Number of protein chains: 2
Amino acid sequence: MKIMEVSEQYEISTDTLRYYERIGLIPPVNRNKSGIREYAAIDIQRIEFIKCMRSAGLPIEVLIEYIGLVQQGDQTIHARKEILKEQRKLLAARIKEMQKTLDLLDYKIAGYENAVLKKEKKSFK
Amino acid sequence: MKIMEVSEQYEISTDTLRYYERIGLIPPVNRNKSGIREYAAIDIQRIEFIKCMRSAGLPIEVLIEYIGLVQQGDQTIHARKEILKEQRKLLAARIKEMQKTLDLLDYKIAGYENAVLKKEKKSFK
DNA sequence: CCTTGACCTGGAGTCAACTCCAGGTGTTAG
DNA sequence: CTAACACCTGGAGTTGACTCCAGGTCAAGG
């Protein structure tokens, strides 16, 4: 798969894909004889993972660290688990915050529905 | 309430509080005779609201627009409701994404627990 | 052969949201 | 009276995560 196809399939710009590779978030993708990236299954897997994590706001730096540990093999399993657990905790907290905000929004929206109703009633008086 | 107290109570830096005022997110706070901000109940209410919305990632620009409409009085109720509904929709979508990521993290963490168990078993062979 | 189009690189630019700073003022404690 | 402090302002700097660009390579079609 060439970079453009990956970009379209996962809705990540080609610039961003190359950027991820530059900063070491994705290990170097293999190239064909003329230097063009050929994304293999393993690269796609990584991209899917990164897309998911990034969409939830996990920082790139943490992901770089995690993926670095993955590359280093089995002796890093414990450290990797700790990173994921930490991020899971932070993410759960953020979701809770957002849920609270969602509730407040619903409350306010309901208030406005009400205000509109009252206004309409008044105009019928 | 002076700026420092507000800052401590709501965990927002004094710089950020002044910044919010500068960009028009908070309407100008009244000052005492020597030019120092004296936050009134209404200001505090606004800050609480903003803190909640910002913690969920609502963009400052949208909040400025919303608060501007609030200042303009009742004829903007419909527009305000629409803004909140739009933001509610976006927020719900983000929460859903994050929930998916949370599930994936749980799945991966469980995988690592497993890996550790296997390793321990092996070492007892 | 030459143009077109997808790809390449390194580096600079952008954006949102702060955060920091220098230089200055007013109030209070010793 | 003066030193320490919390406050003020306008403007510059920072951070994270892209995004854009100039200038160049290469393969394929007309």
# chains A, B, ... in the order shown; residues from 1 in each chain; ligands from 1
$ interface_residues --of "chain C" --to "chain B" --cutoff "8 Å" --atoms "only C-alpha atoms (C1' of nucleotides)" --output "number ranges by chain"
C: 18-19, 26
$ write_last_selection --atoms "all heavy atoms" --output "PDB file, in the first residue's frame"
ATOM      1  P    DC C  18      -6.688  27.218  27.834  1.00  0.00           P
ATOM      2  OP1  DC C  18      -6.205  26.345  28.931  1.00  0.00           O
ATOM      3  OP2  DC C  18      -8.126  27.352  27.560  1.00  0.00           O
ATOM      4  O5'  DC C  18      -6.108  28.662  28.034  1.00  0.00           O
ATOM      5  C5'  DC C  18      -4.973  28.969  28.813  1.00  0.00           C
ATOM      6  C4'  DC C  18      -3.719  28.252  28.366  1.00  0.00           C
ATOM      7  O4'  DC C  18      -3.313  28.806  27.101  1.00  0.00           O
ATOM      8  C3'  DC C  18      -2.572  28.440  29.330  1.00  0.00           C
ATOM      9  O3'  DC C  18      -1.883  27.229  29.523  1.00  0.00           O
ATOM     10  C2'  DC C  18      -1.687  29.475  28.656  1.00  0.00           C
ATOM     11  C1'  DC C  18      -1.951  29.192  27.177  1.00  0.00           C
ATOM     12  N1   DC C  18      -1.739  30.385  26.314  1.00  0.00           N
ATOM     13  C2   DC C  18      -0.453  30.676  25.846  1.00  0.00           C
ATOM     14  O2   DC C  18       0.489  29.945  26.165  1.00  0.00           O
ATOM     15  N3   DC C  18      -0.267  31.763  25.054  1.00  0.00           N
ATOM     16  C4   DC C  18      -1.299  32.530  24.724  1.00  0.00           C
ATOM     17  N4   DC C  18      -1.060  33.575  23.947  1.00  0.00           N
ATOM     18  C5   DC C  18      -2.620  32.260  25.189  1.00  0.00           C
ATOM     19  C6   DC C  18      -2.799  31.190  25.978  1.00  0.00           C
ATOM     20  P    DT C  19      -1.117  27.001  30.933  1.00  0.00           P
ATOM     21  OP1  DT C  19      -0.635  25.612  30.939  1.00  0.00           O
ATOM     22  OP2  DT C  19      -1.968  27.522  32.026  1.00  0.00           O
ATOM     23  O5'  DT C  19       0.151  27.987  30.815  1.00  0.00           O
ATOM     24  C5'  DT C  19       1.303  27.586  30.090  1.00  0.00           C
ATOM     25  C4'  DT C  19       2.338  28.674  30.132  1.00  0.00           C
ATOM     26  O4'  DT C  19       1.961  29.778  29.288  1.00  0.00           O
ATOM     27  C3'  DT C  19       2.607  29.262  31.521  1.00  0.00           C
ATOM     28  O3'  DT C  19       3.977  29.012  31.791  1.00  0.00           O
ATOM     29  C2'  DT C  19       2.264  30.758  31.374  1.00  0.00           C
ATOM     30  C1'  DT C  19       2.419  30.974  29.881  1.00  0.00           C
ATOM     31  N1   DT C  19       1.624  32.042  29.224  1.00  0.00           N
ATOM     32  C2   DT C  19       2.272  32.899  28.362  1.00  0.00           C
ATOM     33  O2   DT C  19       3.472  32.849  28.155  1.00  0.00           O
ATOM     34  N3   DT C  19       1.473  33.832  27.751  1.00  0.00           N
ATOM     35  C4   DT C  19       0.113  33.991  27.895  1.00  0.00           C
ATOM     36  O4   DT C  19      -0.491  34.855  27.277  1.00  0.00           O
ATOM     37  C5   DT C  19      -0.518  33.061  28.814  1.00  0.00           C
ATOM     38  C7   DT C  19      -1.999  33.162  29.057  1.00  0.00           C
ATOM     39  C6   DT C  19       0.255  32.148  29.432  1.00  0.00           C
ATOM     40  P    DG C  26      -0.754  54.049  41.799  1.00  0.00           P
ATOM     41  OP1  DG C  26      -1.934  54.727  41.232  1.00  0.00           O
ATOM     42  OP2  DG C  26       0.408  54.803  42.306  1.00  0.00           O
ATOM     43  O5'  DG C  26      -1.252  53.065  42.952  1.00  0.00           O
ATOM     44  C5'  DG C  26      -2.309  52.134  42.681  1.00  0.00           C
ATOM     45  C4'  DG C  26      -2.483  51.257  43.900  1.00  0.00           C
ATOM     46  O4'  DG C  26      -1.339  50.387  44.024  1.00  0.00           O
ATOM     47  C3'  DG C  26      -2.614  52.001  45.226  1.00  0.00           C
ATOM     48  O3'  DG C  26      -3.612  51.336  45.978  1.00  0.00           O
ATOM     49  C2'  DG C  26      -1.235  51.865  45.853  1.00  0.00           C
ATOM     50  C1'  DG C  26      -0.794  50.506  45.325  1.00  0.00           C
ATOM     51  N9   DG C  26       0.646  50.287  45.165  1.00  0.00           N
ATOM     52  C8   DG C  26       1.572  51.125  44.579  1.00  0.00           C
ATOM     53  N7   DG C  26       2.779  50.611  44.554  1.00  0.00           N
ATOM     54  C5   DG C  26       2.638  49.374  45.166  1.00  0.00           C
ATOM     55  C6   DG C  26       3.603  48.361  45.433  1.00  0.00           C
ATOM     56  O6   DG C  26       4.811  48.356  45.160  1.00  0.00           O
ATOM     57  N1   DG C  26       3.038  47.263  46.074  1.00  0.00           N
ATOM     58  C2   DG C  26       1.710  47.150  46.414  1.00  0.00           C
ATOM     59  N2   DG C  26       1.342  46.040  47.026  1.00  0.00           N
ATOM     60  N3   DG C  26       0.801  48.086  46.176  1.00  0.00           N
ATOM     61  C4   DG C  26       1.332  49.155  45.550  1.00  0.00           C
TER      62       DG C  26
END
$ calpha_fit_rmsd --fixed "chain A" --moving "chain B"
0.2 Å
$ select_by_dssp --residues "chain B" --states "helix (DSSP H, G or I)" --output "number ranges by chain"
B: 3-10, 14-22, 41-55, 60-71, 74-124
$ closest_atom_pairs --of "chain D" --to "chain B" --cutoff "12 Å" --atoms "only C-alpha atoms (C1' of nucleotides)" --output "tab-separated table"
residue	atom	partner	partner_atom	distance
D:DA6	C1'	B:Met4	CA	8.4
D:DC7	C1'	B:Ile36	CA	6.4
D:DC8	C1'	B:Ile36	CA	7.4
D:DT9	C1'	B:Arg18	CA	10.4
D:DG10	C1'	B:Arg22	CA	10.8
$ residues_around --residues "Lys81 in chain A" --least-positions-apart "2" --cutoff "10 Å" --atoms "only C-alpha atoms (C1' of nucleotides)" --output "PyMOL selection string"
(chain A and resi 66+76-79+83-87) or (chain B and resi 105+108-113+116)
$ atom_distance --atom1 "CA of Arg46 in chain B" --atom2 "CA of Ala93 in chain A"
23.2 Å
$ residues_around --residues "DC21 in chain C" --least-positions-apart "5" --cutoff "10 Å" --atoms "only C-alpha atoms (C1' of nucleotides)" --output "PDB file with N, CA, C and O atoms (P, O5', C5', C4', C3', O3' and C1' of nucleotides), in the first residue's frame"
ATOM      1  P    DG D  11       0.986  46.027  22.711  1.00  0.00           P
ATOM      2  O5'  DG D  11       2.151  44.955  22.878  1.00  0.00           O
ATOM      3  C5'  DG D  11       3.380  45.341  23.512  1.00  0.00           C
ATOM      4  C4'  DG D  11       4.265  44.123  23.612  1.00  0.00           C
ATOM      5  C3'  DG D  11       4.225  43.221  22.365  1.00  0.00           C
ATOM      6  O3'  DG D  11       5.545  42.762  22.126  1.00  0.00           O
ATOM      7  C1'  DG D  11       3.725  41.961  24.251  1.00  0.00           C
ATOM      8  P    DA D  12       5.970  42.079  20.735  1.00  0.00           P
ATOM      9  O5'  DA D  12       6.999  40.959  21.188  1.00  0.00           O
ATOM     10  C5'  DA D  12       7.803  41.140  22.358  1.00  0.00           C
ATOM     11  C4'  DA D  12       8.056  39.785  22.979  1.00  0.00           C
ATOM     12  C3'  DA D  12       8.358  38.689  21.947  1.00  0.00           C
ATOM     13  O3'  DA D  12       9.491  37.971  22.409  1.00  0.00           O
ATOM     14  C1'  DA D  12       6.597  37.999  23.381  1.00  0.00           C
ATOM     15  P    DG D  13      10.138  36.770  21.561  1.00  0.00           P
ATOM     16  O5'  DG D  13       9.713  35.520  22.456  1.00  0.00           O
ATOM     17  C5'  DG D  13       9.901  35.549  23.883  1.00  0.00           C
ATOM     18  C4'  DG D  13       9.471  34.207  24.443  1.00  0.00           C
ATOM     19  C3'  DG D  13       9.853  33.028  23.552  1.00  0.00           C
ATOM     20  O3'  DG D  13      10.361  32.005  24.410  1.00  0.00           O
ATOM     21  C1'  DG D  13       7.493  33.045  23.918  1.00  0.00           C
TER      22       DG D  13
END
$ residues_around --residues "range 21-24 of chain B" --least-positions-apart "3" --cutoff "10 Å" --atoms "only C-alpha atoms (C1' of nucleotides)" --output "list in words"
Asp15, Thr16, Leu17, Arg18, Pro27, Pro28, Val29, Ile60, Glu61, Leu63, Ile64, Glu65, Ile67 and Gly68 of chain B
$ atom_distance --atom1 "C1' of DG16 in chain D" --atom2 "CA of Ile95 in chain B"
21.3 Å
$ residues_around --residues "Lys51 in chain B" --least-positions-apart "5" --cutoff "9 Å" --atoms "only C-alpha atoms (C1' of nucleotides)" --output "mmCIF file with N, CA, C and O atoms, in the first residue's frame"
data_model
loop_
_atom_site.group_PDB
_atom_site.id
_atom_site.type_symbol
_atom_site.label_atom_id
_atom_site.label_comp_id
_atom_site.auth_asym_id
_atom_site.auth_seq_id
_atom_site.Cartn_x
_atom_site.Cartn_y
_atom_site.Cartn_z
ATOM 1 N N TYR B 10 -10.389 27.549 41.731
ATOM 2 C CA TYR B 10 -10.813 26.855 40.515
ATOM 3 C C TYR B 10 -9.659 26.251 39.738
ATOM 4 O O TYR B 10 -9.861 25.737 38.639
ATOM 5 N N ILE B 12 -7.209 27.593 38.082
ATOM 6 C CA ILE B 12 -6.963 28.250 36.800
ATOM 7 C C ILE B 12 -5.918 29.314 37.117
ATOM 8 O O ILE B 12 -6.097 30.077 38.066
ATOM 9 N N ARG B 46 -19.611 32.522 35.680
ATOM 10 C CA ARG B 46 -19.102 32.393 34.317
ATOM 11 C C ARG B 46 -17.857 31.532 34.279
ATOM 12 O O ARG B 46 -17.668 30.711 33.388
ATOM 13 N N ALA B 56 -13.980 19.887 28.841
ATOM 14 C CA ALA B 56 -14.479 18.908 27.878
ATOM 15 C C ALA B 56 -13.995 19.206 26.470
ATOM 16 O O ALA B 56 -14.372 18.532 25.519
#
$ closest_residue --among "B:Met1, B:Arg31, B:Asn114, B:Asp106" --to "chain A" --atoms "only C-alpha atoms"
B:Asp106
$ atom_distance --atom1 "CA of Ile50 in chain B" --atom2 "CA of Arg88 in chain B"
14.8 Å
